[in-house]
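Here is the structure we will look at.
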Amino acid sequence: MKIIVAIKQVPVRDSQLRVDANGRWIQEGDLSFEINEPDAYALEEALQLKEKHGGEVVALCAGPARAAQTIREALAKGADRAIHIEEESLNTLDTLGVAKLLAGAVKAENPDLILTGLQSDDLGYGQTGVVLAELLGIPSSTIIMQVEVAGNSIRVKRELEDGWFQHIAMPLPAVLTIQSGINKLRYATLMGIKKAKSKEIKRVTLADLGTAATATATIEKIYVPHKSKQTQIFEGDAKTAAAKLVEKLKFEVRVI
Amino acid sequence: MSVLVVLEQTGGKWNRMSWETVVAGQQLAGEMGTELVLAVPGSGVAALAAEAATKKCAKVYALEHDLLKDYTADAYTAAVEELIRAVNPTLVLFPHTYQVRDFAPKLATRFSQVLISDVIAVRIESGSPVFVRLLFQGKLNGDVRVSGGGPYFASLQAGSYRAEALESGSAPVENFSPSLVASSIRQKPEAPFRESARAVDLTTAEIIVSVGRGIKEKENIPVVEELAKALGAELAASRPICDAGWLPMERQVGSSGQTVAPKVYMAVGISGAIQHLVGMKGAKTIVAINKDANAPIFEVADYGIVGDLFEVVPALVEEVKKAKGQA
């Protein structure tokens with residue numbers, strides 16, 4: 001089966017973020033970047049499905065030139081080849097605009113399955129996969145914790161709220177958004193890193209995809225959230241502090 | 001011209017975030033000078049629609065069809081799409097639930113719009129909405145403005161609006177039967193299940209005592225269990241504790257677990273990574289016990305004790321028992 005994994009490059013988790021001069025995005029100059037964590041799980045799931053059922057894994061990434069590093073890491077882990085939609089100003093697009101680019105690149109590939117992370121750690125809209133499915137006219141399911149392939153269909157385990165799960169079957173091709181923790185991530189091997197160097201990265205541009213994207217959702221301003229609360233810290237030894245807290249809970253919050 | 005709120009129910013039981021979204025709808029419709037309409041999708045939802053009609057709004061649509069009995073993305077998308085085309089609202093609001101995340105982006109795409117998801121506040125500027133949402137896992141906020149003809153779609157994060165502010169009223173209920181066909185629904189859902197036998201609904205708890213990495217090892221869990229027992233609280237945890245199997249997954253609070261808004265949330269040994277904060281910052285009173293005074297949990301805490309939880313928690317248990325006259 002042919003599986004496309006849509007991955008995104010985001011700032012590393014513990015980055016100190018600073019708002020840029022025009023107040024609409026972050027200063028990227030001194031940041032390091034990595035694969036979006038849920039996308040790493042989507043890639044791992046694709047690799048495991050390939051090991052079970054055979055076929056091909058194609059990594060698809062829309063991002064600036066620096067994303068090539070993340071793409072190469074995906075190839076080193078075992079993706080067979082990659083498509084890089086290289087564009088420096090993706091920030092001016094909204095989810096629909098990005099999904100249109102991905103859909104344009106996917107169409108020619110005719111995959112059996114498309115996987116991506118359930119959300120990105122930067123914008124966090126959590127919908128690129130679903131929108132991509134709609135644009136391609138294929139079914140989707142989200143927050144997936146298990147994937148079973150049976151011929152021309154799949155049966156997936158979807159995470160619901162409050163500890164509930166549900167199995168859902170649907171025909172292929174389909175798009176699934178993968179939850180972190182679905183599998184155990186592998187590391188790239190030395191051999192993998194070596195092999196990655198000769199794997200194909202096909203670069204496409206916005207012009208190649210012919211998408212005139214007008215954003216309907218625009219980030220007007222980004223800023224550090226205001227601290228909304230004044231924290232009252234209870235001082236003293238454990239016993240004294242505990243007594244003060246319990247007094248609050250009893251006489252002001254009134255839960256004791 | 002109206003604000004449409006799509007409520008969520010499963011098997012005749014409300015998702016209580018629906019009411020927070022109705023509150024948002026009531027406030028925004030007021031500010032925009034337009035009317036609020038509600039929709040209750042499902043099968044056999046007459047009673048629920050009647051209940052919704054006791055809230056202040058202009059009309060409630062019972063979005064009724066046999067094929068909406070068990071949720072599927074395809075059926076819900078088609079049904080709500082048909083209703084929107086008939087009602088023609090300016091703004092469509094959803095609670096930011098897993099179900100909404102599964103179908104609302106698809107729905108918005110059909111109107112060439114983007115679902116503004118995970119919204120924590122909405123303000124009206126010269127008649128049109130500006131949505132405030134979290135970026136970079138809560139490290140930054142972003143103001144998002146929408147354009148194009150609309151309708152605009154947004155899903156509201158738990159606790160962004162408080163259900164207590166719900167205004168009562170009396171509105172007519174209208175049945176709306178979308179023209180769904182079984183053959184166009186591609187997802188075949190099976191019955192939902194829980195992996196562990198015991199069901200824990202943290203969202204209804206008044207007090208929650210939650211434990212994080214600071215507890216160090218599984219053997220120490222009884223330390224916080226004791227505190228939960230003394231307070232009559234539910235015990236919860238951050239994701240690392242559940243991933244490690246120290247407490248069952250169903251007790252996890254955070255973006256991948258449950259979202260709670262109890263009267264009191266006591267975070268013990270939890271640093272307060274954003275994935276956790278989004279699940280509990282709607283609590284009325286937040287208490288943090290942590291040895292690191294700079295832990296981000298203190299950013300949202302009303303009360304805090306900076307200290308070793310292995311000293312503070314047993315002392316708290318004693319004081320709580322004393323206050324309850326049990327010691």
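Residue numbers start at 1 in each chain; chains themselves are named A, B, ... in the order of the structure tokens; ligands are numbered from 1 in the order shown.
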
For Ala165 (chain B), find every residue with an atom within 12 Å (counting only C-alpha atoms), except residues of its own chain fewer than 6 positions away, and show them as a count of residues only. 12

Using only C-alpha atoms, find which residues of chain B lie within 6 Å of chain A and jot them down as a ChimeraX atom specification. /B:102,105-106,117,135-136,140-148,186-190,192-194,250,258,301-305,311-312,315-316,319

Export of the given selection (C-alpha atoms) as a PDB file, in the first residue's frame:
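Listing of result-v9.pdb after writing:
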ATOM      1  CA  ASP B 102     -13.743  15.317  13.807  1.00  0.00           C
ATOM      2  CA  PRO B 105     -13.281  21.432   9.905  1.00  0.00           C
ATOM      3  CA  LYS B 106     -14.866  19.441   7.082  1.00  0.00           C
ATOM      4  CA  SER B 117     -10.661  26.090  16.728  1.00  0.00           C
ATOM      5  CA  LEU B 135      -0.747  29.335  19.833  1.00  0.00           C
ATOM      6  CA  PHE B 136       2.406  27.350  20.555  1.00  0.00           C
ATOM      7  CA  LEU B 140       1.306  32.782  23.120  1.00  0.00           C
ATOM      8  CA  ASN B 141      -2.171  33.997  22.282  1.00  0.00           C
ATOM      9  CA  GLY B 142      -3.282  35.047  18.830  1.00  0.00           C
ATOM     10  CA  ASP B 143      -6.088  37.330  17.686  1.00  0.00           C
ATOM     11  CA  VAL B 144      -7.623  35.875  14.551  1.00  0.00           C
ATOM     12  CA  ARG B 145      -9.828  37.864  12.231  1.00  0.00           C
ATOM     13  CA  VAL B 146     -12.021  36.227   9.635  1.00  0.00           C
ATOM     14  CA  SER B 147     -13.060  37.529   6.241  1.00  0.00           C
ATOM     15  CA  GLY B 148     -14.933  36.387   3.160  1.00  0.00           C
ATOM     16  CA  ARG B 186     -18.518   6.126   4.677  1.00  0.00           C
ATOM     17  CA  GLN B 187     -17.616   5.668   8.349  1.00  0.00           C
ATOM     18  CA  LYS B 188     -19.101   2.582  10.020  1.00  0.00           C
ATOM     19  CA  PRO B 189     -18.932   3.161  13.778  1.00  0.00           C
ATOM     20  CA  GLU B 190     -18.985   0.395  16.373  1.00  0.00           C
ATOM     21  CA  PRO B 192     -17.966   2.971  22.135  1.00  0.00           C
ATOM     22  CA  PHE B 193     -16.097   1.154  24.891  1.00  0.00           C
ATOM     23  CA  ARG B 194     -13.853   1.807  27.844  1.00  0.00           C
ATOM     24  CA  GLU B 250      -9.204   7.655  32.529  1.00  0.00           C
ATOM     25  CA  GLN B 258     -10.327  15.091  30.338  1.00  0.00           C
ATOM     26  CA  ALA B 301      -2.969  29.278  40.683  1.00  0.00           C
ATOM     27  CA  ASP B 302      -5.094  31.266  43.142  1.00  0.00           C
ATOM     28  CA  TYR B 303      -3.355  29.743  46.144  1.00  0.00           C
ATOM     29  CA  GLY B 304       0.039  28.152  46.349  1.00  0.00           C
ATOM     30  CA  ILE B 305       2.399  26.421  48.690  1.00  0.00           C
ATOM     31  CA  GLU B 311       5.792  17.241  53.823  1.00  0.00           C
ATOM     32  CA  VAL B 312       2.954  19.502  52.712  1.00  0.00           C
ATOM     33  CA  ALA B 315       0.119  18.135  56.849  1.00  0.00           C
ATOM     34  CA  LEU B 316      -2.838  19.087  54.659  1.00  0.00           C
ATOM     35  CA  GLU B 319      -5.635  19.951  58.771  1.00  0.00           C
TER      36      GLU B 319
END

Which parts of region 132-217 of chain A does DSSP call strand (DSSP E or B) when run on the backbone here, written out as number ranges by chain? A: 140-150, 153-159, 164-171, 174-178, 201-204, 217

For N, CA and C atoms, I'd like the residues from the last selection saved as a CSV table (one decimal), in the first residue's frame.
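See selection.csv below for the written result:
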chain,number,residue,atom,x,y,z
A,140,SER,N,-12.4,10.6,6.5
A,140,SER,CA,-11.4,10.8,7.5
A,140,SER,C,-11.9,10.4,8.8
A,141,SER,N,-10.9,10.2,9.7
A,141,SER,CA,-11.2,9.9,11.1
A,141,SER,C,-10.1,10.5,11.9
A,142,THR,N,-10.4,11.0,13.2
A,142,THR,CA,-9.4,11.7,13.9
A,142,THR,C,-9.0,11.1,15.3
A,143,ILE,N,-7.9,11.5,15.8
A,143,ILE,CA,-7.4,11.2,17.1
A,143,ILE,C,-7.3,9.6,17.2
A,144,ILE,N,-6.5,9.1,16.3
A,144,ILE,CA,-6.5,7.6,16.1
A,144,ILE,C,-5.4,7.0,17.0
A,145,MET,N,-5.8,5.9,17.6
A,145,MET,CA,-4.9,5.2,18.5
A,145,MET,C,-4.5,3.8,18.0
A,146,GLN,N,-5.1,3.3,16.9
A,146,GLN,CA,-4.8,2.0,16.4
A,146,GLN,C,-5.3,1.9,14.9
A,147,VAL,N,-4.5,1.3,14.0
A,147,VAL,CA,-4.9,1.2,12.6
A,147,VAL,C,-4.8,-0.3,12.2
A,148,GLU,N,-5.9,-0.9,11.7
A,148,GLU,CA,-5.8,-2.2,11.1
A,148,GLU,C,-6.3,-2.1,9.7
A,149,VAL,N,-5.5,-2.7,8.8
A,149,VAL,CA,-5.8,-2.7,7.4
A,149,VAL,C,-6.4,-4.0,7.0
A,150,ALA,N,-7.5,-4.0,6.3
A,150,ALA,CA,-8.1,-5.3,5.8
A,150,ALA,C,-8.5,-5.1,4.4
A,153,SER,N,-10.2,-1.7,3.0
A,153,SER,CA,-10.8,-0.9,4.1
A,153,SER,C,-9.9,-0.9,5.3
A,154,ILE,N,-10.2,0.0,6.2
A,154,ILE,CA,-9.4,0.0,7.5
A,154,ILE,C,-10.4,0.1,8.6
A,155,ARG,N,-9.9,-0.4,9.7
A,155,ARG,CA,-10.7,-0.3,11.0
A,155,ARG,C,-9.7,0.4,12.0
A,156,VAL,N,-10.2,1.5,12.5
A,156,VAL,CA,-9.3,2.3,13.4
A,156,VAL,C,-9.9,2.4,14.8
A,157,LYS,N,-9.1,2.6,15.7
A,157,LYS,CA,-9.5,2.9,17.1
A,157,LYS,C,-9.4,4.4,17.4
A,158,ARG,N,-10.5,5.0,17.6
A,158,ARG,CA,-10.6,6.4,17.8
A,158,ARG,C,-10.7,6.8,19.3
A,159,GLU,N,-9.9,7.7,19.7
A,159,GLU,CA,-10.0,8.2,21.1
A,159,GLU,C,-11.2,9.1,21.3
A,164,TRP,N,-13.1,7.0,26.8
A,164,TRP,CA,-13.9,6.1,25.9
A,164,TRP,C,-13.1,6.0,24.6
A,165,PHE,N,-13.3,4.9,23.9
A,165,PHE,CA,-12.8,4.6,22.6
A,165,PHE,C,-13.9,4.1,21.7
A,166,GLN,N,-13.6,4.0,20.4
A,166,GLN,CA,-14.6,3.5,19.5
A,166,GLN,C,-13.8,3.0,18.2
A,167,HIS,N,-14.3,1.8,17.7
A,167,HIS,CA,-13.7,1.4,16.5
A,167,HIS,C,-14.6,1.9,15.3
A,168,ILE,N,-13.9,2.3,14.3
A,168,ILE,CA,-14.7,2.8,13.1
A,168,ILE,C,-14.0,2.2,11.9
A,169,ALA,N,-14.9,1.6,11.0
A,169,ALA,CA,-14.3,1.1,9.7
A,169,ALA,C,-14.7,2.1,8.6
A,170,MET,N,-13.8,2.1,7.6
A,170,MET,CA,-14.1,3.0,6.4
A,170,MET,C,-13.3,2.5,5.3
A,171,PRO,N,-13.8,2.8,4.1
A,171,PRO,CA,-13.1,2.4,2.9
A,171,PRO,C,-11.8,3.2,2.6
A,174,ALA,N,-8.2,6.9,2.6
A,174,ALA,CA,-8.8,7.7,3.7
A,174,ALA,C,-7.6,8.5,4.4
A,175,VAL,N,-8.0,9.5,5.2
A,175,VAL,CA,-7.1,10.3,5.9
A,175,VAL,C,-7.3,10.0,7.4
A,176,LEU,N,-6.2,9.7,8.1
A,176,LEU,CA,-6.3,9.6,9.6
A,176,LEU,C,-5.4,10.6,10.3
A,177,THR,N,-5.9,11.2,11.4
A,177,THR,CA,-5.0,12.0,12.2
A,177,THR,C,-4.7,11.2,13.4
A,178,ILE,N,-3.4,11.1,13.7
A,178,ILE,CA,-2.8,10.2,14.7
A,178,ILE,C,-2.5,10.9,16.0
A,201,ILE,N,14.0,13.7,-2.9
A,201,ILE,CA,13.2,14.7,-2.3
A,201,ILE,C,12.7,15.6,-3.5
A,202,LYS,N,11.4,15.4,-3.8
A,202,LYS,CA,10.9,16.2,-4.9
A,202,LYS,C,10.5,17.6,-4.4
A,203,ARG,N,11.0,18.6,-5.0
A,203,ARG,CA,10.6,20.0,-4.6
A,203,ARG,C,9.6,20.5,-5.5
A,204,VAL,N,8.5,21.0,-4.9
A,204,VAL,CA,7.5,21.7,-5.7
A,204,VAL,C,7.2,23.0,-5.1
A,217,ALA,N,-8.8,33.4,7.2
A,217,ALA,CA,-8.5,33.6,8.7
A,217,ALA,C,-7.1,34.1,8.8

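Among the candidates B:Pro262, B:Gly254, B:Gly232, B:Pro151, the residue lying nearest to Thr203 (chain B) is B:Pro262 (atoms considered: only C-alpha atoms).
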
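The residue set within 7 Å of region 85-91 of chain A, counting only C-alpha atoms and dropping same-chain residues fewer than 5 places from it, reads Cys61, Ala62, Gly63, Pro64, Ala65, Arg203, Val204 and Thr205 of chain A.
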
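CA of Ile116 (chain B) lies 26.0 Å from CA of Arg239 (chain B).
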
Test item: residues at most 12 Å from Ala74 (chain A), only C-alpha atoms, excluding those fewer than 2 positions along its chain, as number ranges by chain: A: 4-9, 34-36, 39-44, 46-47, 57-61, 67-72, 76-84, 185-189, 192-193, 195-197, 199-201

Two-atom distance - CA of Leu136 (chain A), CA of Tyr98 (chain B) (Å): 22.2 Å

Expected answer as a list in words: alpha helix (DSSP H) residues in region 115-236 of chain B: Ile221, Pro222, Val223, Val224, Glu225, Glu226, Leu227, Ala228, Lys229, Ala230 and Leu231 of chain B

Dump as a short mmCIF file (atom, residue, chain, number, x, y, z; two decimals), in the first residue's frame, selection limited to N, CA and C atoms:
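Now in out38.cif:
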data_model
loop_
_atom_site.label_atom_id
_atom_site.label_comp_id
_atom_site.auth_asym_id
_atom_site.auth_seq_id
_atom_site.Cartn_x
_atom_site.Cartn_y
_atom_site.Cartn_z
N ILE B 221 1.95 7.12 45.30
CA ILE B 221 0.60 7.56 44.94
C ILE B 221 -0.34 7.64 46.16
N PRO B 222 -0.29 6.68 47.10
CA PRO B 222 -1.18 6.76 48.27
C PRO B 222 -1.07 8.07 49.05
N VAL B 223 0.06 8.75 48.96
CA VAL B 223 0.22 10.03 49.66
C VAL B 223 -0.86 11.02 49.21
N VAL B 224 -1.08 11.10 47.89
CA VAL B 224 -2.10 12.03 47.37
C VAL B 224 -3.49 11.42 47.44
N GLU B 225 -3.55 10.09 47.35
CA GLU B 225 -4.83 9.39 47.46
C GLU B 225 -5.50 9.74 48.80
N GLU B 226 -4.67 9.77 49.81
CA GLU B 226 -5.10 10.08 51.16
C GLU B 226 -5.73 11.48 51.22
N LEU B 227 -5.08 12.43 50.55
CA LEU B 227 -5.58 13.81 50.54
C LEU B 227 -6.93 13.88 49.81
N ALA B 228 -7.02 13.16 48.66
CA ALA B 228 -8.27 13.14 47.90
C ALA B 228 -9.39 12.58 48.78
N LYS B 229 -9.06 11.52 49.52
CA LYS B 229 -10.07 10.89 50.37
C LYS B 229 -10.53 11.87 51.45
N ALA B 230 -9.58 12.55 52.08
CA ALA B 230 -9.92 13.47 53.15
C ALA B 230 -10.82 14.61 52.65
N LEU B 231 -10.56 15.07 51.43
CA LEU B 231 -11.33 16.19 50.87
C LEU B 231 -12.62 15.74 50.20
#

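Take the candidates A:Lys194, A:Lys100, A:Arg66, A:Lys184 and check each one against Ser32 (chain A) using only C-alpha atoms; the shortest distance goes to A:Arg66.
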
Applying 12 Å and only C-alpha atoms, which residues near region 43-52 of chain B remain after dropping the ones on its own chain fewer than 2 positions away? List them as an NGL selection string. :B and (5-16 or 18-19 or 22-23 or 36-41 or 54-71 or 75-76 or 79 or 166-178)

For the residues in that selection, give me C-alpha atoms as a compact mmCIF listing (two decimals), in the first residue's frame.
# COMPACT_ATOMS: atom_id res chain seq x y z
CA VAL B 5 -24.85 27.22 18.33
CA VAL B 6 -24.63 23.50 17.59
CA LEU B 7 -25.06 21.59 20.85
CA GLU B 8 -23.64 18.13 21.44
CA GLN B 9 -25.35 15.08 22.90
CA THR B 10 -24.55 11.40 22.83
CA GLY B 11 -27.27 8.85 23.42
CA GLY B 12 -29.58 11.45 24.92
CA LYS B 13 -26.96 12.81 27.30
CA TRP B 14 -25.62 16.33 26.93
CA ASN B 15 -21.99 17.16 26.60
CA ARG B 16 -22.05 19.88 29.23
CA SER B 18 -22.69 22.70 25.07
CA TRP B 19 -24.09 25.08 27.70
CA VAL B 22 -24.81 28.63 24.46
CA VAL B 23 -23.64 31.27 26.96
CA LEU B 36 -29.42 33.27 18.66
CA VAL B 37 -30.62 29.95 17.30
CA LEU B 38 -29.67 26.56 18.70
CA ALA B 39 -29.43 23.19 16.96
CA VAL B 40 -29.56 19.78 18.62
CA PRO B 41 -28.45 17.08 16.18
CA THR B 54 -35.88 26.83 28.05
CA LYS B 55 -32.71 28.89 27.49
CA LYS B 56 -32.81 32.41 26.13
CA CYS B 57 -32.77 32.10 22.32
CA ALA B 58 -34.99 32.78 19.32
CA LYS B 59 -35.47 29.19 18.18
CA VAL B 60 -34.24 25.63 18.65
CA TYR B 61 -33.86 23.26 15.74
CA ALA B 62 -34.24 19.57 16.51
CA LEU B 63 -31.89 18.33 13.78
CA GLU B 64 -33.48 14.94 13.62
CA HIS B 65 -32.60 11.87 11.53
CA ASP B 66 -32.20 8.12 12.12
CA LEU B 67 -28.76 8.32 10.53
CA LEU B 68 -27.64 10.79 13.21
CA LYS B 69 -28.19 8.24 15.98
CA ASP B 70 -24.56 7.09 16.06
CA TYR B 71 -22.15 9.89 15.31
CA ALA B 75 -23.63 12.32 8.45
CA TYR B 76 -23.05 15.17 10.90
CA ALA B 79 -26.83 17.44 8.31
CA LEU B 166 -26.79 30.85 31.11
CA GLU B 167 -29.92 32.96 30.70
CA SER B 168 -33.34 31.33 30.72
CA GLY B 169 -36.12 31.94 28.26
CA SER B 170 -38.77 30.21 26.24
CA ALA B 171 -38.33 29.51 22.55
CA PRO B 172 -40.15 27.47 19.93
CA VAL B 173 -38.73 24.14 18.78
CA GLU B 174 -38.74 23.39 15.07
CA ASN B 175 -38.06 20.00 13.56
CA PHE B 176 -35.49 19.99 10.78
CA SER B 177 -35.02 16.71 8.93
CA PRO B 178 -31.93 16.73 6.73
